[in-house]
Amino acid sequence: MNESSWLSRLRSGLSRSSVRLSSDIGAIFTSRKIDSDTLAELEDVLIMADLGVGTSAQLASKIGARKFPGDADGVTVRAALAEEIVTIIAPVARPLSDLAATQSGMRVLLVAGVNGTGKTTTIGKLAARFTEAGQSVTLAAADTFRAAAIDQLKLWGERVGVPVIAQEQGDDPAAVAFNAMEQARADGSDLLLIDTAGRLQNKADLMAELGKIIRVIRKVDPTAPHDVLLVLDATTGQNAHSQVETFRDLVEVSGLVVTKLDGSARGGVIVGLADRFIIPIYAIGVGEGINDLRPFEAEAFAYNLLDLNTAPASETSE
Ligand SMILES: Nc1nc2c(ncn2[C@@H]2O[C@H](COP(=O)(O)OP(=O)(O)O)[C@@H](O)[C@H]2O)c(=O)[nH]1
Ligand SMILES: [Mg+2]
């Protein structure tokens with residue numbers, strides 16, 4: 001996929017968030033100056049766009065501290081906001097290639113998250129990307145809670161053309177993970193992606209389940225899992241923050257993937273997550289299809305979120 005087509009997908013994915021932010025900010029600064037009243041209104045707009053209370057206050061005060069030549073209109077304020085957002089999100093934005101296996105043996109990614117956030121779909125999309133990049137990928141169906149979850153992962157395996165290690169519904173997820181480790185390693189796989197269940201009704205059970213999966217995979221490779229990706233659904237807004245807190249208590253979360261940015265007016269949630277948790281963000285989901293996992297690139301994301309075309313020329317030279 002070329003650059004302009006992925007940018008247009010990102011743009012259309014974020015359009016509900018960006019159109020709203022753009023018109024709300026434009027409405028504040030049509031004929032009024034930057035002062036404490038308009039900054040307070042700007043802060044409210046950012047909170048409503050799910051950037052989070054603390055991050056919104058910080059951004060509004062950064063805008064207040066800026067010197068604008070002449071009167072600031074909506075476009076000027078949006079451009080300034082985009083710059084400030086880039087400084088928040090750039091430190092956590094990571095390329096997907098950082099998750100690829102290196103020479104030092106099979107890389108194991110454990111994928112965690114609440115039910116329905118998009119774990120299985122994200123695994124399918126990741127498998128497609130890494131296969132395309134020349135890596136050999138194996139999937140493990142360690143969400144054994146529902147038969148449908150196993151079938152869904154098998155379907156992705158068929159679609160992408162990668163093996164899926166699965167057992168029966170109700171089998172021990174740790175046993176599935178252990179078998180997958182041995183089999184993927186014997187097959188010479190570069191990457192093993194492990195799907196898990198995310199029933200949060202009982203945190204103690206979930207902790208025991210994830211803990212056991214990690215213990216048994218370490219019997220095969222003491223350095224695994226090399227990554228624990230937490231999948232968050234952007235449409236849940238501020239609830240995504242409490243999911244990060246919960247899962248960080250359960251496992252060592254090493255990175256985030258934020259899904260369902262398409263058709264959601266809550267793209268701003270990513271800015272708050274980046275600001276508050278400083279956990280690497282590897283990718284964003286902008287649809288259900290195989291190509292709808294996009295790299296998380298700070299400038300493209302920030303400027304599209306604010307419905308602006310591109311970063312200033314000085315910042316686009318990569
Ligand atoms: N619109 C949209 N839907 C998504 C995205 N990612 C996942 N989904 C859908 O969300 C639903 C739950 O996804 P699933 O992968 O089964 O979640 P899991 O329970 O965490 O494994 C499915 O209908 C997916 O197609 C996304 O980025 N955008
Ligand atoms: Mg699933």
# chains A, B, ... in the order shown; residues from 1 in each chain; ligands from 1
call {"tool": "residues_near_ligand", "arguments": {"ligand": "ligand 2", "cutoff": "9 Å", "atoms": "only C-alpha atoms and all ligand atoms", "output": "PyMOL selection string"}}
result
chain A and resi 115-121+141+143+146+148-150+152-153+195-198
call {"tool": "write_last_selection", "arguments": {"atoms": "N, CA and C atoms", "output": "compact mmCIF listing (two decimals), in the first residue's frame"}}
result
# COMPACT_ATOMS: atom_id res chain seq x y z
N ASN A 115 -12.64 -8.65 26.41
CA ASN A 115 -13.42 -9.24 25.32
C ASN A 115 -13.99 -8.18 24.40
N GLY A 116 -13.86 -8.42 23.12
CA GLY A 116 -14.50 -7.54 22.14
C GLY A 116 -13.66 -6.34 21.74
N THR A 117 -12.50 -6.16 22.33
CA THR A 117 -11.69 -4.98 21.96
C THR A 117 -11.05 -5.14 20.58
N GLY A 118 -10.92 -6.39 20.12
CA GLY A 118 -10.35 -6.60 18.79
C GLY A 118 -9.06 -7.40 18.79
N LYS A 119 -8.85 -8.21 19.83
CA LYS A 119 -7.62 -9.00 19.92
C LYS A 119 -7.45 -9.95 18.75
N THR A 120 -8.47 -10.77 18.51
CA THR A 120 -8.35 -11.80 17.48
C THR A 120 -8.18 -11.16 16.10
N THR A 121 -8.97 -10.12 15.85
CA THR A 121 -8.88 -9.41 14.57
C THR A 121 -7.49 -8.80 14.40
N ALA A 141 -4.41 -20.38 19.62
CA ALA A 141 -5.77 -20.06 20.06
C ALA A 141 -5.92 -20.34 21.55
N ASP A 143 -7.50 -18.47 23.64
CA ASP A 143 -8.82 -18.12 24.17
C ASP A 143 -9.70 -19.33 23.92
N ARG A 146 -14.66 -19.68 24.43
CA ARG A 146 -15.78 -19.88 23.51
C ARG A 146 -15.28 -20.60 22.26
N ALA A 148 -16.42 -20.26 19.38
CA ALA A 148 -16.43 -19.28 18.27
C ALA A 148 -15.10 -18.53 18.19
N ALA A 149 -14.48 -18.32 19.35
CA ALA A 149 -13.21 -17.58 19.37
C ALA A 149 -12.12 -18.40 18.68
N ILE A 150 -12.15 -19.72 18.90
CA ILE A 150 -11.17 -20.60 18.26
C ILE A 150 -11.41 -20.63 16.75
N GLN A 152 -12.81 -18.38 14.93
CA GLN A 152 -12.49 -17.06 14.36
C GLN A 152 -10.99 -16.96 14.08
N LEU A 153 -10.17 -17.46 15.01
CA LEU A 153 -8.72 -17.40 14.79
C LEU A 153 -8.31 -18.34 13.66
N ASP A 195 -3.29 -15.64 21.19
CA ASP A 195 -4.58 -15.01 21.48
C ASP A 195 -5.01 -15.46 22.88
N THR A 196 -5.61 -14.57 23.63
CA THR A 196 -6.07 -14.94 24.98
C THR A 196 -7.51 -14.48 25.19
N ALA A 197 -8.12 -15.01 26.24
CA ALA A 197 -9.47 -14.56 26.61
C ALA A 197 -9.35 -13.34 27.50
N GLY A 198 -10.38 -12.53 27.51
CA GLY A 198 -10.31 -11.31 28.32
C GLY A 198 -11.51 -11.11 29.21
call {"tool": "residues_around", "arguments": {"residues": "stretch 184-190 of chain A", "least_positions_apart": "4", "cutoff": "7 Å", "atoms": "only C-alpha atoms", "output": "PyMOL selection string"}}
result
chain A and resi 101+105-107+135-138+180
call {"tool": "closest_residue", "arguments": {"among": "A:His226, A:Pro69, A:Val286, A:Glu168", "to": "A:Ile214", "atoms": "only C-alpha atoms"}}
result
A:His226
call {"tool": "closest_residue", "arguments": {"among": "A:Leu126, A:Ala240, A:Ile28, A:Leu200", "to": "A:Gly74", "atoms": "only C-alpha atoms"}}
result
A:Ile28
call {"tool": "atom_distance", "arguments": {"atom1": "atom CA of A:Leu59", "atom2": "atom CA of A:Ile89"}}
result
12.6 Å
call {"tool": "atom_distance", "arguments": {"atom1": "atom CA of A:Ala166", "atom2": "atom CA of A:Ala142"}}
result
7.3 Å
call {"tool": "closest_residue", "arguments": {"among": "A:Glu209, A:Glu84, A:Asp292, A:Asp50", "to": "A:Leu273", "atoms": "only C-alpha atoms"}}
result
A:Asp50
call {"tool": "select_by_dssp", "arguments": {"residues": "stretch 91-170 of chain A", "states": "helix (DSSP H, G or I)", "output": "short mmCIF file (atom, residue, chain, number, x, y, z; two decimals) with N, CA and C atoms, in the first residue's frame"}}
result
data_model
loop_
_atom_site.label_atom_id
_atom_site.label_comp_id
_atom_site.auth_asym_id
_atom_site.auth_seq_id
_atom_site.Cartn_x
_atom_site.Cartn_y
_atom_site.Cartn_z
N PRO A 91 6.87 10.37 21.42
CA PRO A 91 7.74 9.49 22.23
C PRO A 91 7.22 8.05 22.40
N VAL A 92 5.93 7.82 22.20
CA VAL A 92 5.42 6.45 22.37
C VAL A 92 5.14 5.76 21.04
N LEU A 96 5.65 -0.95 13.59
CA LEU A 96 5.33 -2.37 13.74
C LEU A 96 6.57 -3.25 13.55
N SER A 97 7.50 -2.75 12.74
CA SER A 97 8.70 -3.57 12.49
C SER A 97 9.48 -3.82 13.77
N ASP A 98 9.25 -3.00 14.81
CA ASP A 98 9.90 -3.26 16.10
C ASP A 98 9.41 -4.56 16.74
N LEU A 99 8.30 -5.09 16.23
CA LEU A 99 7.77 -6.34 16.80
C LEU A 99 8.24 -7.57 16.01
N LYS A 119 -8.85 -8.21 19.83
CA LYS A 119 -7.62 -9.00 19.92
C LYS A 119 -7.45 -9.95 18.75
N THR A 120 -8.47 -10.77 18.51
CA THR A 120 -8.35 -11.80 17.48
C THR A 120 -8.18 -11.16 16.10
N THR A 121 -8.97 -10.12 15.85
CA THR A 121 -8.88 -9.41 14.57
C THR A 121 -7.49 -8.80 14.40
N THR A 122 -6.98 -8.19 15.47
CA THR A 122 -5.66 -7.57 15.40
C THR A 122 -4.57 -8.62 15.14
N ILE A 123 -4.71 -9.78 15.75
CA ILE A 123 -3.75 -10.86 15.50
C ILE A 123 -3.78 -11.26 14.03
N GLY A 124 -4.98 -11.37 13.46
CA GLY A 124 -5.09 -11.70 12.05
C GLY A 124 -4.40 -10.67 11.17
N LYS A 125 -4.65 -9.40 11.48
CA LYS A 125 -4.04 -8.32 10.70
C LYS A 125 -2.51 -8.31 10.86
N LEU A 126 -2.06 -8.53 12.11
CA LEU A 126 -0.61 -8.57 12.35
C LEU A 126 0.03 -9.72 11.59
N ALA A 127 -0.66 -10.87 11.61
CA ALA A 127 -0.13 -12.04 10.91
C ALA A 127 0.04 -11.72 9.42
N ALA A 128 -0.96 -11.02 8.86
CA ALA A 128 -0.88 -10.67 7.44
C ALA A 128 0.31 -9.76 7.16
N ARG A 129 0.48 -8.75 8.00
CA ARG A 129 1.58 -7.80 7.81
C ARG A 129 2.94 -8.47 7.92
N PHE A 130 3.10 -9.29 8.96
CA PHE A 130 4.42 -9.89 9.17
C PHE A 130 4.71 -10.96 8.12
N THR A 131 3.67 -11.65 7.67
CA THR A 131 3.87 -12.62 6.60
C THR A 131 4.33 -11.90 5.33
N GLU A 132 3.67 -10.78 5.06
CA GLU A 132 4.04 -9.96 3.91
C GLU A 132 5.50 -9.49 4.01
N ALA A 147 -16.05 -21.54 21.77
CA ALA A 147 -15.67 -22.24 20.54
C ALA A 147 -15.55 -21.26 19.38
N ALA A 148 -16.42 -20.26 19.38
CA ALA A 148 -16.43 -19.28 18.27
C ALA A 148 -15.10 -18.53 18.19
N ALA A 149 -14.48 -18.32 19.35
CA ALA A 149 -13.21 -17.58 19.37
C ALA A 149 -12.12 -18.40 18.68
N ILE A 150 -12.15 -19.72 18.90
CA ILE A 150 -11.17 -20.60 18.26
C ILE A 150 -11.41 -20.63 16.75
N ASP A 151 -12.67 -20.75 16.36
CA ASP A 151 -13.00 -20.78 14.93
C ASP A 151 -12.61 -19.48 14.23
N GLN A 152 -12.81 -18.38 14.93
CA GLN A 152 -12.49 -17.06 14.36
C GLN A 152 -10.99 -16.96 14.08
N LEU A 153 -10.17 -17.46 15.01
CA LEU A 153 -8.72 -17.40 14.79
C LEU A 153 -8.31 -18.34 13.66
N LYS A 154 -8.97 -19.52 13.60
CA LYS A 154 -8.67 -20.46 12.51
C LYS A 154 -8.98 -19.84 11.15
N LEU A 155 -10.08 -19.10 11.11
CA LEU A 155 -10.47 -18.44 9.86
C LEU A 155 -9.41 -17.43 9.42
N TRP A 156 -8.91 -16.66 10.39
CA TRP A 156 -7.82 -15.71 10.08
C TRP A 156 -6.58 -16.47 9.60
N GLY A 157 -6.31 -17.61 10.24
CA GLY A 157 -5.16 -18.40 9.82
C GLY A 157 -5.28 -18.84 8.37
N GLU A 158 -6.51 -19.27 7.99
CA GLU A 158 -6.74 -19.67 6.60
C GLU A 158 -6.60 -18.49 5.65
N ARG A 159 -7.18 -17.39 6.05
CA ARG A 159 -7.15 -16.19 5.21
C ARG A 159 -5.72 -15.74 4.93
N VAL A 160 -4.90 -15.76 5.99
CA VAL A 160 -3.53 -15.27 5.85
C VAL A 160 -2.60 -16.37 5.34
#
call {"tool": "residues_around", "arguments": {"residues": "A:Ala208", "least_positions_apart": "2", "cutoff": "12 Å", "atoms": "only C-alpha atoms", "output": "PyMOL selection string"}}
result
chain A and resi 172-174+199-200+202-206+210-215+249-251
call {"tool": "closest_residue", "arguments": {"among": "A:Gly13, A:Gly64, A:Gly285, A:Pro280", "to": "A:Asp37", "atoms": "only C-alpha atoms"}}
result
A:Gly64
call {"tool": "closest_residue", "arguments": {"among": "A:Gln201, A:Thr235, A:Ser23, A:Arg16", "to": "ligand 1", "atoms": "only C-alpha atoms and all ligand atoms"}}
result
A:Thr235
